Protein chains: 2
Amino acid sequence: MQDIQLFHNENKGKNFLNRLRGKKPLFVCTIGSTETGKIRGISAAGQNPEITDYTPPADIELLLLGKCKCIEGVPITPDGIPTPALVTMSALKLADIPALPVNAGLVIKPQVPFLDVGAEPGRDIRTGKAVGNVEEILNRAKVAGEILSKTVDYLVIGESIPGGTTTALGVLLAMGVDAKGKVSSSMPGNPHELRTKIVEEGLKTSNLKFGELKNDPIRAISCVGDPMIPTFAGLVLGAAPTVPVLMAGGTQMTAILAVIKALNPKVLKNIAIGTTRWIISDTTSDLKGIVSQIADVPILAANLNFTNSRFSGLRAYETGIVKEGVGVGGSSIAALVKSKGTITHDKLLAELERNYERLMSIKQQDQQR
Amino acid sequence: MQDIQLFHNENKGKNFLNRLRGKKPLFVCTIGSTETGKIRGISAAGQNPEITDYTPPADIELLLLGKCKCIEGVPITPDGIPTPALVTMSALKLADIPALPVNAGLVIKPQVPFLDVGAEPGRDIRTGKAVGNVEEILNRAKVAGEILSKTVDYLVIGESIPGGTTTALGVLLAMGVDAKGKVSSSMPGNPHELRTKIVEEGLKTSNLKFGELKNDPIRAISCVGDPMIPTFAGLVLGAAPTVPVLMAGGTQMTAILAVIKALNPKVLKNIAIGTTRWIISDTTSDLKGIVSQIADVPILAANLNFTNSRFSGLRAYETGIVKEGVGVGGSSIAALVKSKGTITHDKLLAELERNYERLMSIKQQDQQR
């Protein structure tokens, strides 16, 4: 079993991976909130919609400190499955990869250092006024990408924003990418109908038809996107002219890819998507199908498999819940290639189980108080 | 003429410099504001006290964008002498060194990305309640220092905070370092009397005697310091255990050094102060005299000399005005050693004059509108 699988132009993917081997990455995590993410039934990033504002800052505290500060325990889905940040944290720790948070529109700020690019929380896309200052966020994030590209060999960029696949679908449809019924979900059972209804309402309020903003990504994000998208896209646009960028995530990455293609298609050659096997094998979504409509960028998938985990909360990932988020796939890939073979999938799982045990027992103690 | 001069343990300084040659640095610039800096006669970082809130963000915009956004032209002293950020910008540009701003308590945020560590603007030290959350700032900045130390070979850390030598004196006296009449000033003629009066008032309100907080730097900063000091110290405490840190500044660096020594003296061996010839040759202050009371860290001085500049605004630096700020000395040293000899003092001056000409003519155009 290969620890990393290649899809959508395997040759390019292989070359891309070879350029990363043994090199020094930085994991940049864009974290934000939107009112869209709080619509009931849209996001599993939090035990209930009200608490989703705390999930991104808690995720990033977990990455940087090994524990959360703004909540007790760690973020969980409504079914009690722990946040994918736990996997990312284990990968980064094992490979000694630094993580830098970027505020991509947070309601609750994390109690750790973070980069500010002027992003504010996103509004409900049904208003047609999802994000206020897209161009400014893009420009500042681009400067940040330029700075960071001068510090390390390559960037891995991830995200944590509840409801992010819904806002991604909004941008994709506004820009003419046929993604209806193709984006993934952290929810058990993919709420395509609800999501499409929300997006169509947003498009209608904005007076937009499918594909009308093919060349105007800034307006597409402003109307029906989220503040994470321009933050993430700006970082890529700033860094990818000089260093490889691994876009770490699932189908949300395709909205960012569409934005990048519209603004500077030249940088696409320095980009790959890094995700998980769970996204690739998800029958309710179609990452490859969306990417192939946009650009010839390779997809790399960390062959994560928790079937044999000691913990039911981790085995649950094999039922198709969560699947991606907080750059799980990309950070795992970065950890695997940084070590040139010392770090394997099994070592990663062992590290994850150690952290899971420590953090879930902390959580239980908290609950017993 | 050597482009870099060594003082206060020359051997250590030489070794330190050798460790930096050809290596990849990051320039981190801590920027903040205090009410103390607005006391008339205290700071030359702005044409008048009211405008000093704009000087740090304008300085950092200049470093990152090559022009200011939050003000027209560039920050100037009451006498029209341009900000030292112009020199730092030229050094960084010439050597392709990235700069990362850190919000160390800003009233006005820059229109560029910056790192947030939870710092708020500082109050007037005469209240005895200068900074609210020193420990939290220290802890977050330490995490930031740890992250950044994993990206580059070494850090150069600078500052821009109006009135910073006054708050530095406050911390030094509270911690028992005899610095009265020894800190430097950006003002023509060093306002020792006014500064001492302000600090003594702050100490009196705080019920503090000289040296009473020798082992309590957190309380010293809380009473009579500024938010830049814990931000800067935290960054050093996080980074210096693994990489060299060049503390870029004048006598303000000694307050940070005293804080570091009290919190983790082990890291002192990985630290040097990087400053300018103007600070070393200043007869109204005594950097070496203060450092020698605290720790055996080397002082490196960029042998900057603008005597032969085409521009009166740069020749004015030779009259003892400005002297330091925005990491002029440290960034110049980093530029000189990064290139292994390709970048010389004269090339730096030529680059500075190009930027000076461009920016000062922009300014004149603005004024003519």
# chains A, B, ... in the order shown; residues from 1 in each chain; ligands from 1
>>> select_by_dssp(residues="segment 33-141 of chain A", states="helix (DSSP H, G or I)", output="count of residues only")
42
>>> residues_around(residues="Gly80 of chain A", least_positions_apart="4", cutoff="12 Å", atoms="only C-alpha atoms", output="JSON list (two decimals) with N, CA, C and O atoms, in the first residue's frame")
[["chain", "number", "residue", "atom", "x", "y", "z"],
["A", 44, "ALA", "N", -20.84, 19.82, 10.31],
["A", 44, "ALA", "CA", -20.60, 18.96, 11.47],
["A", 44, "ALA", "C", -19.41, 19.46, 12.28],
["A", 44, "ALA", "O", -18.90, 18.77, 13.14],
["A", 45, "ALA", "N", -18.98, 20.70, 11.98],
["A", 45, "ALA", "CA", -17.81, 21.24, 12.67],
["A", 45, "ALA", "C", -18.23, 21.86, 14.00],
["A", 45, "ALA", "O", -18.16, 23.06, 14.19],
["A", 46, "GLY", "N", -18.66, 21.01, 14.90],
["A", 46, "GLY", "CA", -19.13, 21.50, 16.19],
["A", 46, "GLY", "C", -20.32, 20.67, 16.61],
["A", 46, "GLY", "O", -21.05, 20.15, 15.77],
["A", 47, "GLN", "N", -20.53, 20.57, 17.91],
["A", 47, "GLN", "CA", -21.58, 19.71, 18.42],
["A", 47, "GLN", "C", -22.96, 20.24, 18.02],
["A", 47, "GLN", "O", -23.89, 19.47, 17.84],
["A", 48, "ASN", "N", -23.09, 21.56, 17.90],
["A", 48, "ASN", "CA", -24.32, 22.18, 17.41],
["A", 48, "ASN", "C", -23.97, 23.48, 16.70],
["A", 48, "ASN", "O", -22.86, 23.99, 16.86],
["A", 73, "GLY", "N", -11.76, 20.25, 26.29],
["A", 73, "GLY", "CA", -11.63, 19.09, 25.41],
["A", 73, "GLY", "C", -11.22, 19.53, 24.02],
["A", 73, "GLY", "O", -10.43, 20.46, 23.85],
["A", 74, "VAL", "N", -11.76, 18.88, 22.99],
["A", 74, "VAL", "CA", -11.48, 19.23, 21.60],
["A", 74, "VAL", "C", -12.81, 19.33, 20.86],
["A", 74, "VAL", "O", -13.81, 18.77, 21.30],
["A", 75, "PRO", "N", -12.84, 20.03, 19.71],
["A", 75, "PRO", "CA", -14.10, 20.10, 18.95],
["A", 75, "PRO", "C", -14.53, 18.70, 18.51],
["A", 75, "PRO", "O", -13.69, 17.87, 18.14],
["A", 76, "ILE", "N", -15.83, 18.46, 18.56],
["A", 76, "ILE", "CA", -16.38, 17.18, 18.12],
["A", 76, "ILE", "C", -17.57, 17.42, 17.20],
["A", 76, "ILE", "O", -18.17, 18.49, 17.22],
["A", 312, "SER", "N", -12.88, 3.80, 18.77],
["A", 312, "SER", "CA", -14.07, 3.88, 17.91],
["A", 312, "SER", "C", -14.21, 5.27, 17.29],
["A", 312, "SER", "O", -14.67, 5.41, 16.16],
["A", 313, "GLY", "N", -13.78, 6.31, 18.02],
["A", 313, "GLY", "CA", -13.88, 7.68, 17.51],
["A", 313, "GLY", "C", -13.01, 7.90, 16.29],
["A", 313, "GLY", "O", -13.27, 8.79, 15.48],
["A", 314, "LEU", "N", -11.95, 7.11, 16.15],
["A", 314, "LEU", "CA", -11.11, 7.20, 14.96],
["A", 314, "LEU", "C", -11.61, 6.25, 13.88],
["A", 314, "LEU", "O", -11.63, 6.59, 12.69],
["A", 316, "ALA", "N", -14.48, 5.63, 13.26],
["A", 316, "ALA", "CA", -15.65, 6.28, 12.66],
["A", 316, "ALA", "C", -15.31, 7.04, 11.38],
["A", 316, "ALA", "O", -16.15, 7.21, 10.50],
["A", 317, "TYR", "N", -14.06, 7.50, 11.26],
["A", 317, "TYR", "CA", -13.64, 8.19, 10.03],
["A", 317, "TYR", "C", -13.84, 7.28, 8.81],
["A", 317, "TYR", "O", -14.01, 7.76, 7.69],
["A", 321, "ILE", "N", -17.53, 9.90, 7.71],
["A", 321, "ILE", "CA", -17.82, 11.12, 8.45],
["A", 321, "ILE", "C", -16.55, 11.99, 8.46],
["A", 321, "ILE", "O", -15.44, 11.45, 8.37],
["A", 322, "VAL", "N", -16.69, 13.30, 8.53],
["A", 322, "VAL", "CA", -15.60, 14.28, 8.59],
["A", 322, "VAL", "C", -14.80, 14.31, 7.28],
["A", 322, "VAL", "O", -14.86, 15.27, 6.54],
["A", 360, "MET", "N", -8.72, 12.88, 24.82],
["A", 360, "MET", "CA", -10.06, 12.44, 25.12],
["A", 360, "MET", "C", -10.18, 12.13, 26.61],
["A", 360, "MET", "O", -11.24, 12.29, 27.20],
["A", 363, "LYS", "N", -10.73, 15.30, 28.27],
["A", 363, "LYS", "CA", -12.12, 15.69, 28.07],
["A", 363, "LYS", "C", -13.04, 15.00, 29.07],
["A", 363, "LYS", "O", -13.91, 15.61, 29.68]]
>>> residues_around(residues="segment 278-291 of chain A", least_positions_apart="3", cutoff="6 Å", atoms="only C-alpha atoms", output="list in words")
Lys182, Val183, Ser184, Thr251, Thr254, Ile294 and Lys323 of chain A
>>> residues_around(residues="segment 195-211 of chain B", least_positions_apart="5", cutoff="12 Å", atoms="only C-alpha atoms", output="PyMOL selection string")
chain B and resi 35-37+39-43+123-130+163-185+187+190+216-217+219-225+258
>>> atom_distance(atom1="atom CA of Leu17 of chain A", atom2="atom CA of Leu64 of chain A")
25.7 Å
>>> closest_residue(among="A:Ile147, A:Leu86, A:Ala350, A:Ile51", to="Leu26 of chain B", atoms="only C-alpha atoms")
A:Ile147
>>> residues_around(residues="segment 2-4 of chain A", least_positions_apart="2", cutoff="9 Å", atoms="only C-alpha atoms", output="list in words")
Leu6, Thr276, Arg277, Leu300, Ala301, Ala302, Asn303, Leu304, Ile333, Leu336, Thr344 and His345 of chain A
>>> write_last_selection(atoms="all heavy atoms", output="CSV table (one decimal), in the first residue's frame")
chain,number,residue,atom,x,y,z
A,6,LEU,N,-1.9,9.1,-6.1
A,6,LEU,CA,-1.9,10.2,-7.1
A,6,LEU,C,-3.1,10.0,-8.0
A,6,LEU,O,-3.4,9.0,-8.5
A,6,LEU,CB,-0.6,10.1,-7.9
A,6,LEU,CG,0.7,10.1,-7.1
A,6,LEU,CD1,1.9,9.8,-8.1
A,6,LEU,CD2,0.9,11.4,-6.4
A,276,THR,N,-7.4,13.6,1.4
A,276,THR,CA,-7.4,12.2,2.0
A,276,THR,C,-8.0,11.2,1.1
A,276,THR,O,-8.8,11.5,0.2
A,276,THR,CB,-8.2,12.3,3.3
A,276,THR,OG1,-9.5,12.5,3.0
A,276,THR,CG2,-7.7,13.3,4.3
A,277,ARG,N,-7.7,9.9,1.4
A,277,ARG,CA,-8.4,8.8,0.7
A,277,ARG,C,-9.9,8.9,0.9
A,277,ARG,O,-10.6,8.5,0.0
A,277,ARG,CB,-7.8,7.5,1.3
A,277,ARG,CG,-8.4,6.2,0.7
A,277,ARG,CD,-7.9,5.0,1.4
A,277,ARG,NE,-8.2,4.9,2.8
A,277,ARG,CZ,-9.3,4.4,3.3
A,277,ARG,NH1,-10.2,3.8,2.5
A,277,ARG,NH2,-9.6,4.3,4.6
A,300,LEU,N,-3.2,14.8,-4.8
A,300,LEU,CA,-2.5,13.8,-4.0
A,300,LEU,C,-3.4,13.5,-2.9
A,300,LEU,O,-4.0,14.4,-2.3
A,300,LEU,CB,-1.1,14.4,-3.5
A,300,LEU,CG,-0.4,15.3,-4.5
A,300,LEU,CD1,0.8,16.0,-3.7
A,300,LEU,CD2,0.1,14.5,-5.7
A,301,ALA,N,-3.4,12.2,-2.5
A,301,ALA,CA,-4.2,11.8,-1.4
A,301,ALA,C,-3.5,11.0,-0.4
A,301,ALA,O,-2.8,10.0,-0.7
A,301,ALA,CB,-5.4,11.0,-1.9
A,302,ALA,N,-3.5,11.4,0.9
A,302,ALA,CA,-2.9,10.7,2.0
A,302,ALA,C,-3.7,9.4,2.2
A,302,ALA,O,-4.9,9.5,2.4
A,302,ALA,CB,-2.8,11.5,3.2
A,303,ASN,N,-3.1,8.3,2.1
A,303,ASN,CA,-3.8,7.0,2.2
A,303,ASN,C,-4.1,6.7,3.7
A,303,ASN,O,-3.8,5.6,4.2
A,303,ASN,CB,-3.0,5.9,1.6
A,303,ASN,CG,-3.8,4.9,0.9
A,303,ASN,OD1,-5.1,4.9,1.1
A,303,ASN,ND2,-3.2,4.0,0.2
A,304,LEU,N,-4.8,7.6,4.3
A,304,LEU,CA,-5.1,7.4,5.8
A,304,LEU,C,-6.2,6.3,5.9
A,304,LEU,O,-7.1,6.3,5.2
A,304,LEU,CB,-5.6,8.7,6.4
A,304,LEU,CG,-4.6,9.9,6.4
A,304,LEU,CD1,-5.3,11.1,6.8
A,304,LEU,CD2,-3.4,9.5,7.2
A,333,ILE,N,0.6,14.3,4.1
A,333,ILE,CA,1.5,14.2,3.0
A,333,ILE,C,2.8,14.9,3.3
A,333,ILE,O,3.9,14.3,3.0
A,333,ILE,CB,0.8,14.8,1.7
A,333,ILE,CG1,-0.4,13.9,1.3
A,333,ILE,CG2,1.8,14.9,0.5
A,333,ILE,CD1,-1.3,14.5,0.2
A,336,LEU,N,4.8,12.9,5.7
A,336,LEU,CA,5.3,11.6,5.0
A,336,LEU,C,6.6,12.0,4.1
A,336,LEU,O,7.6,11.3,4.2
A,336,LEU,CB,4.3,11.0,4.2
A,336,LEU,CG,3.1,10.3,5.0
A,336,LEU,CD1,1.9,10.0,4.1
A,336,LEU,CD2,3.5,9.1,5.8
A,344,THR,N,5.9,6.9,8.6
A,344,THR,CA,5.0,6.0,7.8
A,344,THR,C,3.6,6.3,8.3
A,344,THR,O,3.4,6.9,9.3
A,344,THR,CB,5.3,4.6,8.0
A,344,THR,OG1,5.2,4.2,9.4
A,344,THR,CG2,6.8,4.2,7.5
A,345,HIS,N,2.7,5.7,7.5
A,345,HIS,CA,1.3,5.8,7.9
A,345,HIS,C,1.0,5.2,9.3
A,345,HIS,O,0.3,5.8,10.1
A,345,HIS,CB,0.4,5.1,6.9
A,345,HIS,CG,-1.1,5.0,7.3
A,345,HIS,ND1,-1.5,4.0,8.1
A,345,HIS,CD2,-2.1,5.8,7.1
A,345,HIS,CE1,-2.8,4.1,8.4
A,345,HIS,NE2,-3.2,5.2,7.7
>>> closest_atom_pairs(of="chain B", to="chain A", cutoff="8 Å", atoms="only C-alpha atoms", output="JSON lines")
{"residue": "B:Lys24", "atom": "CA", "partner": "A:Thr151", "partner_atom": "CA", "distance": 7.7}
{"residue": "B:Pro25", "atom": "CA", "partner": "A:Thr151", "partner_atom": "CA", "distance": 7.9}
{"residue": "B:Leu26", "atom": "CA", "partner": "A:Thr151", "partner_atom": "CA", "distance": 7.0}
{"residue": "B:Leu64", "atom": "CA", "partner": "A:Val143", "partner_atom": "CA", "distance": 7.7}
{"residue": "B:Ile97", "atom": "CA", "partner": "A:Lys150", "partner_atom": "CA", "distance": 7.6}
{"residue": "B:Pro98", "atom": "CA", "partner": "A:Ile147", "partner_atom": "CA", "distance": 5.4}
{"residue": "B:Ala99", "atom": "CA", "partner": "A:Ile147", "partner_atom": "CA", "distance": 6.8}
{"residue": "B:Leu100", "atom": "CA", "partner": "A:Ile147", "partner_atom": "CA", "distance": 7.2}
{"residue": "B:Gln111", "atom": "CA", "partner": "A:Arg140", "partner_atom": "CA", "distance": 7.4}
{"residue": "B:Val112", "atom": "CA", "partner": "A:Arg140", "partner_atom": "CA", "distance": 5.3}
{"residue": "B:Pro113", "atom": "CA", "partner": "A:Val117", "partner_atom": "CA", "distance": 4.7}
{"residue": "B:Phe114", "atom": "CA", "partner": "A:Asp116", "partner_atom": "CA", "distance": 5.4}
{"residue": "B:Leu115", "atom": "CA", "partner": "A:Leu115", "partner_atom": "CA", "distance": 4.3}
{"residue": "B:Asp116", "atom": "CA", "partner": "A:Phe114", "partner_atom": "CA", "distance": 5.4}
{"residue": "B:Val117", "atom": "CA", "partner": "A:Pro113", "partner_atom": "CA", "distance": 4.7}
{"residue": "B:Gly118", "atom": "CA", "partner": "A:Pro113", "partner_atom": "CA", "distance": 7.5}
{"residue": "B:Arg140", "atom": "CA", "partner": "A:Val112", "partner_atom": "CA", "distance": 5.3}
{"residue": "B:Ala141", "atom": "CA", "partner": "A:Pro113", "partner_atom": "CA", "distance": 6.7}
{"residue": "B:Val143", "atom": "CA", "partner": "A:Pro113", "partner_atom": "CA", "distance": 7.0}
{"residue": "B:Ala144", "atom": "CA", "partner": "A:Pro113", "partner_atom": "CA", "distance": 5.9}
{"residue": "B:Ile147", "atom": "CA", "partner": "A:Pro98", "partner_atom": "CA", "distance": 5.4}
{"residue": "B:Leu148", "atom": "CA", "partner": "A:Pro98", "partner_atom": "CA", "distance": 7.8}
{"residue": "B:Lys150", "atom": "CA", "partner": "A:Pro98", "partner_atom": "CA", "distance": 6.2}
{"residue": "B:Thr151", "atom": "CA", "partner": "A:Val152", "partner_atom": "CA", "distance": 5.5}
{"residue": "B:Val152", "atom": "CA", "partner": "A:Thr151", "partner_atom": "CA", "distance": 5.5}
